[in-house]
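Peer 1: Structure incoming, see below.
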Amino acid sequence: MRGTILVVDDDATVRGALAGALEAEGYATHRSADAAAALAIVDRHHVDLMLTDVVLPGLDGVALVHAVRERAPQMPVILVSGIVEGVTLPETPFVAKPVELAPLLAAVARLLRATS
């Protein structure tokens with residue numbers, strides 16, 4: 001197992017595709033459709049990295065990143081979204097939708113190496 005990744009996206013198709021691609025590369029995944037469920041996963045399970053959409057029902061992805069960093073300050077996060085303008089978080093890579101898998105997988109591997 002290469003690590004455990006939490007995939008947060010309200011679109012089940014995107015969530016499934018990202019998680020499936022990560023699983024095919026040997027990662028374990030948890031999946032969440034919203035920030036509340038994502039925080040529950042972070043509180044209950046070991047997670048090495050989180051991928052999150054910016055636009056989520058309820059708490060948005062940026063607020064989710066801040067909440068996760070309070071719980072797990074060392075956990076790397078990648079923002080994945082179709083919204084590009086105006087979204088910046090320090091030390092948080094951004095991947096635009098539609099997602100190109102090769103750069104995403106490279107970013108995941110790089111971040112996990114940096115934190116291990």
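Residue numbers start at 1 in each chain; chains themselves are named A, B, ... in the order of the structure tokens; ligands are numbered from 1 in the order shown.
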Applying 10 Å and only C-alpha atoms, which residues near segment 98-104 of chain A remain after dropping the ones on its own chain fewer than 2 positions away? List them as a ChimeraX atom specification.
Peer 2: /A:14,17-18,21-22,51,78,80-82,93-96,106-110
Peer 1: Once you have the residues from the selection above, write them out as a PDB file, in the first residue's frame, restricted to C-alpha atoms.
Peer 2:
ATOM      1  CA  VAL A  14     -15.579  12.582 -10.489  1.00  0.00           C
ATOM      2  CA  ALA A  17     -12.914   8.321 -11.229  1.00  0.00           C
ATOM      3  CA  LEU A  18     -10.284   9.971  -9.042  1.00  0.00           C
ATOM      4  CA  ALA A  21      -7.251   6.034 -10.640  1.00  0.00           C
ATOM      5  CA  LEU A  22      -5.541   6.302  -7.251  1.00  0.00           C
ATOM      6  CA  LEU A  51      -7.847  15.791  -2.653  1.00  0.00           C
ATOM      7  CA  ILE A  78      -4.470  19.167  -3.297  1.00  0.00           C
ATOM      8  CA  VAL A  80      -9.136  19.956  -7.522  1.00  0.00           C
ATOM      9  CA  SER A  81     -11.680  22.239  -9.156  1.00  0.00           C
ATOM     10  CA  GLY A  82     -13.100  23.793 -12.277  1.00  0.00           C
ATOM     11  CA  PRO A  93      -1.253  22.651  -5.103  1.00  0.00           C
ATOM     12  CA  PHE A  94      -4.166  23.243  -7.437  1.00  0.00           C
ATOM     13  CA  VAL A  95      -5.277  20.878 -10.208  1.00  0.00           C
ATOM     14  CA  ALA A  96      -7.851  22.162 -12.686  1.00  0.00           C
ATOM     15  CA  ALA A 106       2.854  12.934  -9.942  1.00  0.00           C
ATOM     16  CA  ALA A 107       1.752  15.631  -7.480  1.00  0.00           C
ATOM     17  CA  VAL A 108       0.319  13.009  -5.119  1.00  0.00           C
ATOM     18  CA  ALA A 109       3.548  10.989  -5.183  1.00  0.00           C
ATOM     19  CA  ARG A 110       5.692  14.114  -4.708  1.00  0.00           C
TER      20      ARG A 110
END
Peer 1: Could you pull out the helix (DSSP H, G or I) residues of chain A from DSSP and send them as number ranges by chain?
Peer 2: A: 12-24, 35-44, 61-71, 101-115
Peer 1: Between A:Glu25, A:Glu70, A:Asp34, A:Asp48, which has the minimum distance to Asp11 of chain A (counting only C-alpha atoms)?
Peer 2: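 Of the candidates, the smallest distance to Asp11 of chain A is held by A:Asp34.
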Peer 1: I'd like the interatomic distance between atom CA of Val8 of chain A and atom CA of Ala35 of chain A, to a tenth of an Å.
Peer 2: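 Atom-to-atom, atom CA of Val8 of chain A and atom CA of Ala35 of chain A are spaced 7.4 Å apart.
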Peer 1: Find the residue from A:Thr115, A:Leu79, A:Val62, A:Arg71 that sits nearest to Val7 of chain A; use only C-alpha atoms when measuring.
Peer 2: A:Leu79
Peer 1: Atom CA of Met75 of chain A and atom CA of Asp60 of chain A are how many Å apart?
Peer 2: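 Between atom CA of Met75 of chain A and atom CA of Asp60 of chain A the gap works out to 18.1 Å.
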Peer 1: Among the residues of chain A, find those DSSP assigns to strand (DSSP E) from the backbone and print them as number ranges by chain.
Peer 2: A: 4-8, 28-32, 49-52, 77-81, 94-96
Peer 1: If I take atom CA of Asp9 of chain A and atom CA of Leu56 of chain A, how far is one from the other in Å, to one decimal?
Peer 2: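 Atom CA of Leu56 of chain A lies 6.9 Å from atom CA of Asp9 of chain A.
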Peer 1: If you count only C-alpha atoms, which residues fall within 12 Å of Arg44 of chain A, apart from same-chain ones fewer than 3 positions away, as a PDB file with C-alpha atoms, in the first residue's frame?
Peer 2:
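Everything below was put into part.pdb:
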ATOM      1  CA  HIS A  30     -11.718   7.077   1.405  1.00  0.00           C
ATOM      2  CA  ALA A  37     -18.271  13.614   6.051  1.00  0.00           C
ATOM      3  CA  ALA A  38     -14.652  14.356   5.078  1.00  0.00           C
ATOM      4  CA  LEU A  39     -13.921  15.768   8.533  1.00  0.00           C
ATOM      5  CA  ALA A  40     -15.480  12.695  10.140  1.00  0.00           C
ATOM      6  CA  ILE A  41     -13.159  10.502   8.055  1.00  0.00           C
ATOM      7  CA  VAL A  47      -5.325   9.748   5.962  1.00  0.00           C
ATOM      8  CA  ARG A  71      -6.777  18.552  12.913  1.00  0.00           C
ATOM      9  CA  ALA A  72      -3.808  17.272  10.894  1.00  0.00           C
TER      10      ALA A  72
END
Peer 1: Would you mind listing what lies within 8 Å of Leu112 of chain A as a ChimeraX atom specification, with only C-alpha atoms counted and same-chain residues fewer than 6 positions away left out?
Peer 2: /A:3,48-49,76
Peer 1: Only N, CA and C atoms, please: the residues just picked out, written as an mmCIF file, in the first residue's frame.
Peer 2:
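Result file follows (result_39.cif):
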data_model
loop_
_atom_site.group_PDB
_atom_site.id
_atom_site.type_symbol
_atom_site.label_atom_id
_atom_site.label_comp_id
_atom_site.auth_asym_id
_atom_site.auth_seq_id
_atom_site.Cartn_x
_atom_site.Cartn_y
_atom_site.Cartn_z
ATOM 1 N N GLY A 3 -0.196 4.452 0.520
ATOM 2 C CA GLY A 3 -0.728 5.542 1.324
ATOM 3 C C GLY A 3 -2.238 5.583 1.194
ATOM 4 N N ASP A 48 -3.321 10.040 4.615
ATOM 5 C CA ASP A 48 -2.013 10.598 4.289
ATOM 6 C C ASP A 48 -2.091 11.858 3.446
ATOM 7 N N LEU A 49 -3.174 12.020 2.671
ATOM 8 C CA LEU A 49 -3.312 13.150 1.754
ATOM 9 C C LEU A 49 -4.788 13.313 1.422
ATOM 10 N N PRO A 76 -0.790 16.733 3.613
ATOM 11 C CA PRO A 76 -0.838 17.503 2.374
ATOM 12 C C PRO A 76 -2.233 17.471 1.754
#
Peer 1: Find the residues around Arg69 of chain A up to 12 Å (only C-alpha atoms counted), leave out those fewer than 3 positions away in its own chain, and share them as a ChimeraX atom specification.
Peer 2: /A:39,42-43,49-50,62-66,72-77,89-92
Peer 1: Go ahead and write the selection's residues with N, CA and C atoms as a PDB file, in the first residue's frame.
Peer 2:
ATOM      1  N   LEU A  39     -14.494  15.524   7.209  1.00  0.00           N
ATOM      2  CA  LEU A  39     -13.921  15.768   8.533  1.00  0.00           C
ATOM      3  C   LEU A  39     -14.113  14.568   9.456  1.00  0.00           C
ATOM      4  N   VAL A  42     -11.417  12.138   8.534  1.00  0.00           N
ATOM      5  CA  VAL A  42     -10.121  12.580   9.068  1.00  0.00           C
ATOM      6  C   VAL A  42     -10.046  12.310  10.570  1.00  0.00           C
ATOM      7  N   ASP A  43     -11.146  12.491  11.272  1.00  0.00           N
ATOM      8  CA  ASP A  43     -11.166  12.265  12.718  1.00  0.00           C
ATOM      9  C   ASP A  43     -11.086  10.783  13.084  1.00  0.00           C
ATOM     10  N   LEU A  49      -3.174  12.020   2.671  1.00  0.00           N
ATOM     11  CA  LEU A  49      -3.312  13.150   1.754  1.00  0.00           C
ATOM     12  C   LEU A  49      -4.788  13.313   1.422  1.00  0.00           C
ATOM     13  N   MET A  50      -5.199  14.544   1.182  1.00  0.00           N
ATOM     14  CA  MET A  50      -6.587  14.799   0.793  1.00  0.00           C
ATOM     15  C   MET A  50      -6.627  15.537  -0.536  1.00  0.00           C
ATOM     16  N   VAL A  62     -12.212  25.289   0.492  1.00  0.00           N
ATOM     17  CA  VAL A  62     -11.201  26.126   1.140  1.00  0.00           C
ATOM     18  C   VAL A  62     -11.377  26.075   2.657  1.00  0.00           C
ATOM     19  N   ALA A  63     -12.602  26.196   3.121  1.00  0.00           N
ATOM     20  CA  ALA A  63     -12.870  26.088   4.563  1.00  0.00           C
ATOM     21  C   ALA A  63     -12.536  24.686   5.068  1.00  0.00           C
ATOM     22  N   LEU A  64     -12.795  23.668   4.249  1.00  0.00           N
ATOM     23  CA  LEU A  64     -12.440  22.296   4.607  1.00  0.00           C
ATOM     24  C   LEU A  64     -10.932  22.168   4.806  1.00  0.00           C
ATOM     25  N   VAL A  65     -10.152  22.753   3.912  1.00  0.00           N
ATOM     26  CA  VAL A  65      -8.690  22.689   4.051  1.00  0.00           C
ATOM     27  C   VAL A  65      -8.263  23.305   5.383  1.00  0.00           C
ATOM     28  N   HIS A  66      -8.823  24.457   5.731  1.00  0.00           N
ATOM     29  CA  HIS A  66      -8.472  25.094   7.007  1.00  0.00           C
ATOM     30  C   HIS A  66      -8.846  24.188   8.192  1.00  0.00           C
ATOM     31  N   ALA A  72      -4.978  18.014  11.390  1.00  0.00           N
ATOM     32  CA  ALA A  72      -3.808  17.272  10.894  1.00  0.00           C
ATOM     33  C   ALA A  72      -2.909  18.231  10.121  1.00  0.00           C
ATOM     34  N   PRO A  73      -2.146  19.065  10.830  1.00  0.00           N
ATOM     35  CA  PRO A  73      -1.386  20.131  10.174  1.00  0.00           C
ATOM     36  C   PRO A  73      -0.382  19.653   9.126  1.00  0.00           C
ATOM     37  N   GLN A  74       0.100  18.442   9.258  1.00  0.00           N
ATOM     38  CA  GLN A  74       1.111  17.945   8.322  1.00  0.00           C
ATOM     39  C   GLN A  74       0.516  17.265   7.084  1.00  0.00           C
ATOM     40  N   MET A  75      -0.803  17.061   7.069  1.00  0.00           N
ATOM     41  CA  MET A  75      -1.421  16.359   5.941  1.00  0.00           C
ATOM     42  C   MET A  75      -1.405  17.230   4.691  1.00  0.00           C
ATOM     43  N   PRO A  76      -0.790  16.733   3.613  1.00  0.00           N
ATOM     44  CA  PRO A  76      -0.838  17.503   2.374  1.00  0.00           C
ATOM     45  C   PRO A  76      -2.233  17.471   1.754  1.00  0.00           C
ATOM     46  N   VAL A  77      -2.543  18.556   1.050  1.00  0.00           N
ATOM     47  CA  VAL A  77      -3.845  18.706   0.413  1.00  0.00           C
ATOM     48  C   VAL A  77      -3.629  19.196  -1.014  1.00  0.00           C
ATOM     49  N   LEU A  89      -4.320  28.975  -1.699  1.00  0.00           N
ATOM     50  CA  LEU A  89      -4.004  28.623  -0.322  1.00  0.00           C
ATOM     51  C   LEU A  89      -2.512  28.340  -0.280  1.00  0.00           C
ATOM     52  N   PRO A  90      -1.814  28.878   0.702  1.00  0.00           N
ATOM     53  CA  PRO A  90      -0.380  28.618   0.787  1.00  0.00           C
ATOM     54  C   PRO A  90      -0.085  27.121   0.872  1.00  0.00           C
ATOM     55  N   GLU A  91       0.935  26.703   0.172  1.00  0.00           N
ATOM     56  CA  GLU A  91       1.399  25.315   0.192  1.00  0.00           C
ATOM     57  C   GLU A  91       0.303  24.319  -0.199  1.00  0.00           C
ATOM     58  N   THR A  92      -0.587  24.727  -1.072  1.00  0.00           N
ATOM     59  CA  THR A  92      -1.654  23.840  -1.525  1.00  0.00           C
ATOM     60  C   THR A  92      -1.683  23.824  -3.041  1.00  0.00           C
TER      61      THR A  92
END
